[in-house]
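A.B. asks: I'd like to ask you about the structure that follows.
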Amino acid sequence: MQRIHRLFEIDDFSSLKNQLLIWGNKHQTVVWLDSNNHKKSNIEGVLAVDKMSYISSDYMNAFEHLKEFINSIRDYAFGYLSYDLKNDTEKLSSNNIDDAAFPDLYFFQPKKIIEVCDQGLLFKYPTHLENEIDTDWKAIQNTTKKESVKKTFDIQQRTSRESYLKQVKKAIDEIHKGEVYEINLCQEFFAKNAEIDPLDTYLDLNSISKTPFATFLRMDDKYLLSASPERFLQKKKTILTSEPIKGTAKRENTPEKDAHQIVALKNNTKEIAENVMIVDLVRNDLSHIAEKGSVKVKELCGIYTFEQVHQMISSISCELKLNIHVVDAIKACYPMGSMTGAPKIAAMKFIEKLEDSKRGIYSGAVGYFTPDHNFDFNVVIRSIVYHQTKKYLSFSVGSAITAKADPEQEYEECLLKAKAMRQVLS
């Protein structure tokens, strides 16, 4: 499909990005992706609103349906893959409780795309909507946000502290048996009768997190508010890149103590082992779709600092084989190893037995396809899921369990990762 491009030069993005999202949220279908000035992302920010066509699916043949959709529109597509698409890649199931009730897969072909780039705002509209560009630009500049009042509600744990510690011990037992050597174990925090302003909550979450793969997603009454620091998979021309995170340390309140945390994380043998295990898993996933000899570890166990935590991140790349469809490339690597453990299939089977909630969109991926079949997807972590009609709110956190795991420390790591979500909801 043909799109007209129009650039408006901008000097100051600081307030304009919020205005752009506030304007965008007036639509029923919205995806906003924000890199928060981090260099890892292709773009500073992009907004996609309104749908010309879309696909919403359960896991059955989901990747094949997505491939057909991408082929048919020959245009941009924005949306998400839920964790439970694992049931399409392998003979698995998801039988745990699912109160958020999001589709397993959702993508839409947007009417309007506005990209924040170095020069300003780049409008990418269908040719028949060209006359709306000036009107929308004026509306964005005049957009203001009404103040909302926070309402109190109780956040509950789906899994009690005692139950979680028992689950970690069971995971360690399975690891000692030798069928699996790392399990990413998650737990859900939730609230019923929760009333929030999704946009305000996202803006608060993003302001205290400032991560490179932040996301605001809206599908009518369903919202994802994400402060994700992690890239699942990116395709630029023929190069695929995955950047798994394994290894977390909290920020400290003085430069000296904070520097000590970085050094401690960099030399933590347990965290390094977790990271290297997942790097090997990603290398294996990519090897099935890569040109021979092209899989490379570009960075191993690099330490990156964010507002709330320090993270250990590795980067693995390869050259995609000719004639492999982009959706098949994603399917070959899905779900991401950083959210499963290794070996992947065995880990996912134990996850289903141990956890108390269906993951759904949590530990899935949000992103986009371009008309020339490039793509970029995050990992849905550090995120709030909200069903406005049901007034159901949820966020989940997890940690990687290995043979050296200490249940109490794993529980504390979960609380650390939940800190930002709790802060904006309190």
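Each chain of the structure tokens is named A, B, ... in the order shown, its residues numbered from 1; ligands are numbered from 1 in display order.
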Can you tell me, as a PDB file with N, CA and C atoms, in the first residue's frame, what residues are no more than 6 Å from A:Leu122 when counting only C-alpha atoms, ignoring any on the same chain fewer than 6 positions away?

C.D. replies:
```pdb
ATOM      1  N   ARG A   6       5.434  12.919   5.282  1.00  0.00           N
ATOM      2  CA  ARG A   6       5.538  14.363   5.502  1.00  0.00           C
ATOM      3  C   ARG A   6       6.303  14.606   6.804  1.00  0.00           C
ATOM      4  N   LEU A   7       7.355  15.410   6.746  1.00  0.00           N
ATOM      5  CA  LEU A   7       8.200  15.678   7.904  1.00  0.00           C
ATOM      6  C   LEU A   7       7.964  17.073   8.445  1.00  0.00           C
ATOM      7  N   ILE A 114       3.078   7.795  12.961  1.00  0.00           N
ATOM      8  CA  ILE A 114       3.866   9.014  13.186  1.00  0.00           C
ATOM      9  C   ILE A 114       5.146   8.602  13.893  1.00  0.00           C
ATOM     10  N   GLU A 115       6.267   8.875  13.249  1.00  0.00           N
ATOM     11  CA  GLU A 115       7.565   8.452  13.759  1.00  0.00           C
ATOM     12  C   GLU A 115       8.338   9.650  14.300  1.00  0.00           C
TER      13      GLU A 115
END
```

A.B. asks: Which residues, written as an NGL selection string, have at least one atom at most 9 Å from A:Lys298, with only C-alpha atoms counted and residues fewer than 5 positions away on the same chain left out?

C.D. replies: :A and (314-317)

A.B. asks: Which residues come within 8 Å of stretch 362-377 of chain A, counting only C-alpha atoms, excluding same-chain residues fewer than 6 positions away, as a list of chain:residue names?

C.D. replies: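 Residues near the query, excluding close chain neighbours: A:Leu33, A:Arg74, A:Asp75, A:Tyr76, A:Ala77, A:Phe78, A:Gly79, A:Tyr80, A:Leu81, A:Ser82, A:Tyr83, A:Asp84, A:Thr215, A:Arg231, A:Phe232, A:Leu233, A:Gln234, A:Lys235, A:Lys236, A:Lys237, A:Val326, A:Pro335, A:Met339, A:Ser383, A:Val385, A:Phe395, A:Ser396.
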
A.B. asks: DSSP on the backbone: what in stretch 228-400 of chain A comes out helix (DSSP H, G or I), as a PyMOL selection string?

C.D. replies: chain A and resi 255-266+269-287+326-332+337-339+344-354

A.B. asks: For the residues in the current selection, export C-alpha atoms as a PDB file, in the first residue's frame.

C.D. replies:
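Written file, part08.pdb:
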```
ATOM      1  CA  PRO A 255      27.660   6.704  43.358  1.00  0.00           C
ATOM      2  CA  GLU A 256      30.155   4.622  45.340  1.00  0.00           C
ATOM      3  CA  LYS A 257      27.623   1.979  46.378  1.00  0.00           C
ATOM      4  CA  ASP A 258      26.114   1.958  42.889  1.00  0.00           C
ATOM      5  CA  ALA A 259      29.533   1.396  41.304  1.00  0.00           C
ATOM      6  CA  HIS A 260      30.072  -1.472  43.727  1.00  0.00           C
ATOM      7  CA  GLN A 261      26.803  -3.061  42.544  1.00  0.00           C
ATOM      8  CA  ILE A 262      28.023  -2.946  38.937  1.00  0.00           C
ATOM      9  CA  VAL A 263      31.309  -4.636  39.814  1.00  0.00           C
ATOM     10  CA  ALA A 264      29.518  -7.249  41.934  1.00  0.00           C
ATOM     11  CA  LEU A 265      27.080  -8.060  39.102  1.00  0.00           C
ATOM     12  CA  LYS A 266      29.896  -8.212  36.548  1.00  0.00           C
ATOM     13  CA  THR A 269      29.350 -16.341  38.763  1.00  0.00           C
ATOM     14  CA  LYS A 270      25.716 -17.415  39.195  1.00  0.00           C
ATOM     15  CA  GLU A 271      24.378 -14.535  37.071  1.00  0.00           C
ATOM     16  CA  ILE A 272      27.086 -15.105  34.444  1.00  0.00           C
ATOM     17  CA  ALA A 273      26.167 -18.794  34.270  1.00  0.00           C
ATOM     18  CA  GLU A 274      22.469 -17.927  33.791  1.00  0.00           C
ATOM     19  CA  ASN A 275      23.317 -15.507  31.009  1.00  0.00           C
ATOM     20  CA  VAL A 276      25.688 -17.865  29.203  1.00  0.00           C
ATOM     21  CA  MET A 277      23.109 -20.676  29.297  1.00  0.00           C
ATOM     22  CA  ILE A 278      20.573 -18.477  27.517  1.00  0.00           C
ATOM     23  CA  VAL A 279      23.188 -17.219  25.047  1.00  0.00           C
ATOM     24  CA  ASP A 280      23.830 -20.841  24.077  1.00  0.00           C
ATOM     25  CA  LEU A 281      20.088 -21.414  23.716  1.00  0.00           C
ATOM     26  CA  VAL A 282      19.695 -18.345  21.465  1.00  0.00           C
ATOM     27  CA  ARG A 283      22.683 -19.427  19.368  1.00  0.00           C
ATOM     28  CA  ASN A 284      21.010 -22.790  18.890  1.00  0.00           C
ATOM     29  CA  ASP A 285      17.660 -21.204  17.930  1.00  0.00           C
ATOM     30  CA  LEU A 286      19.324 -18.916  15.401  1.00  0.00           C
ATOM     31  CA  SER A 287      21.430 -21.709  13.924  1.00  0.00           C
ATOM     32  CA  VAL A 326      10.196 -13.302   8.546  1.00  0.00           C
ATOM     33  CA  VAL A 327       7.374 -14.918  10.514  1.00  0.00           C
ATOM     34  CA  ASP A 328       9.129 -18.298  10.285  1.00  0.00           C
ATOM     35  CA  ALA A 329      12.307 -16.627  11.590  1.00  0.00           C
ATOM     36  CA  ILE A 330      10.405 -15.414  14.657  1.00  0.00           C
ATOM     37  CA  LYS A 331       8.705 -18.774  15.139  1.00  0.00           C
ATOM     38  CA  ALA A 332      12.069 -20.566  15.139  1.00  0.00           C
ATOM     39  CA  GLY A 337      14.878 -18.298  25.920  1.00  0.00           C
ATOM     40  CA  SER A 338      15.312 -15.620  28.577  1.00  0.00           C
ATOM     41  CA  MET A 339      11.697 -16.246  29.640  1.00  0.00           C
ATOM     42  CA  LYS A 344      13.510 -24.775  26.145  1.00  0.00           C
ATOM     43  CA  ILE A 345      10.798 -27.428  25.708  1.00  0.00           C
ATOM     44  CA  ALA A 346      11.548 -29.187  28.993  1.00  0.00           C
ATOM     45  CA  ALA A 347      11.658 -25.842  30.793  1.00  0.00           C
ATOM     46  CA  MET A 348       8.275 -24.804  29.385  1.00  0.00           C
ATOM     47  CA  LYS A 349       6.693 -28.078  30.541  1.00  0.00           C
ATOM     48  CA  PHE A 350       7.935 -27.514  34.092  1.00  0.00           C
ATOM     49  CA  ILE A 351       6.830 -23.863  33.987  1.00  0.00           C
ATOM     50  CA  GLU A 352       3.268 -24.960  33.212  1.00  0.00           C
ATOM     51  CA  LYS A 353       3.307 -27.354  36.182  1.00  0.00           C
ATOM     52  CA  LEU A 354       4.904 -24.939  38.650  1.00  0.00           C
TER      53      LEU A 354
END
```

A.B. asks: Check the DSSP output for the backbone and give back, as a ChimeraX atom specification, the residues of stretch 280-396 of chain A in strand (DSSP E).

C.D. replies: /A:296-305,309-319,341-342,365-369,375-378,383-387,392-396

A.B. asks: Name the closest residue to A:Asn193 among the candidates A:Lys246, A:Lys210, A:Lys151, A:Lys145; distances are taken between atoms, counting only C-alpha atoms.

C.D. replies: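 Once distances to A:Asn193 are computed over only C-alpha atoms, the minimum belongs to A:Lys151.
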
A.B. asks: Near A:Arg158, counting only C-alpha atoms, which residues have an atom at most 12 Å away, once you skip same-chain residues fewer than 5 positions from it, shown as an NGL selection string?

C.D. replies: :A and (96-99 or 163-164 or 186-192 or 355-358 or 394-397)

A.B. asks: So that I can see what lies close to A:Glu413, please list as a ChimeraX atom specification the residues with an atom at most 9 Å from it, counting only C-alpha atoms and leaving out residues fewer than 6 positions away in the same chain.

C.D. replies: /A:248-250,397-399

A.B. asks: Could you please take those selected residues and save C-alpha atoms as a PDB file, in the first residue's frame?

C.D. replies:
```pdb
ATOM      1  CA  THR A 248      19.914  -8.167  37.814  1.00  0.00           C
ATOM      2  CA  ALA A 249      21.233  -5.930  40.601  1.00  0.00           C
ATOM      3  CA  LYS A 250      19.446  -3.075  42.343  1.00  0.00           C
ATOM      4  CA  VAL A 397       7.753 -10.909  37.608  1.00  0.00           C
ATOM      5  CA  GLY A 398      10.206 -13.781  37.529  1.00  0.00           C
ATOM      6  CA  SER A 399      13.760 -14.965  37.930  1.00  0.00           C
TER       7      SER A 399
END
```

A.B. asks: Excluding same-chain residues fewer than 4 positions from stretch 15-32 of chain A, what lies within 6 Å of it counting only C-alpha atoms, as a JSON list (two decimals) with C-alpha atoms, in the first residue's frame?

C.D. replies:
```json
[["chain", "number", "residue", "atom", "x", "y", "z"],
["A", 46, "VAL", "CA", 6.71, 5.57, 16.81],
["A", 47, "LEU", "CA", 2.94, 5.83, 17.15],
["A", 48, "ALA", "CA", 0.52, 3.66, 15.18],
["A", 49, "VAL", "CA", -3.23, 4.27, 15.50],
["A", 50, "ASP", "CA", -6.51, 3.06, 14.02],
["A", 140, "ILE", "CA", -1.18, 17.15, 18.51],
["A", 143, "THR", "CA", -3.26, 18.48, 23.03],
["A", 215, "THR", "CA", 5.37, 0.28, 25.10],
["A", 216, "PHE", "CA", 1.84, 1.59, 25.43],
["A", 217, "LEU", "CA", -0.62, -0.75, 23.72],
["A", 218, "ARG", "CA", -4.36, -0.35, 23.56],
["A", 219, "MET", "CA", -6.98, -2.64, 22.00],
["A", 220, "ASP", "CA", -10.31, -1.04, 22.90]]
```

A.B. asks: For atom CA of A:Val379 and atom CA of A:Tyr411, quote the distance in Å rounded to one decimal.

C.D. replies: 21.0 Å

A.B. asks: So, with only C-alpha atoms as the atoms that count, which of A:Leu416, A:Ala194, A:Glu182, A:Ala214 lies closest to A:Ala403?

C.D. replies: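 Nearest to A:Ala403: A:Glu182.
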
A.B. asks: Suppose you want the space between atom CA of A:Asn184 and atom CA of A:Gly341; what is it in Å?

C.D. replies: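 Computing the Euclidean distance for atom CA of A:Asn184 and atom CA of A:Gly341 yields 5.3 Å.
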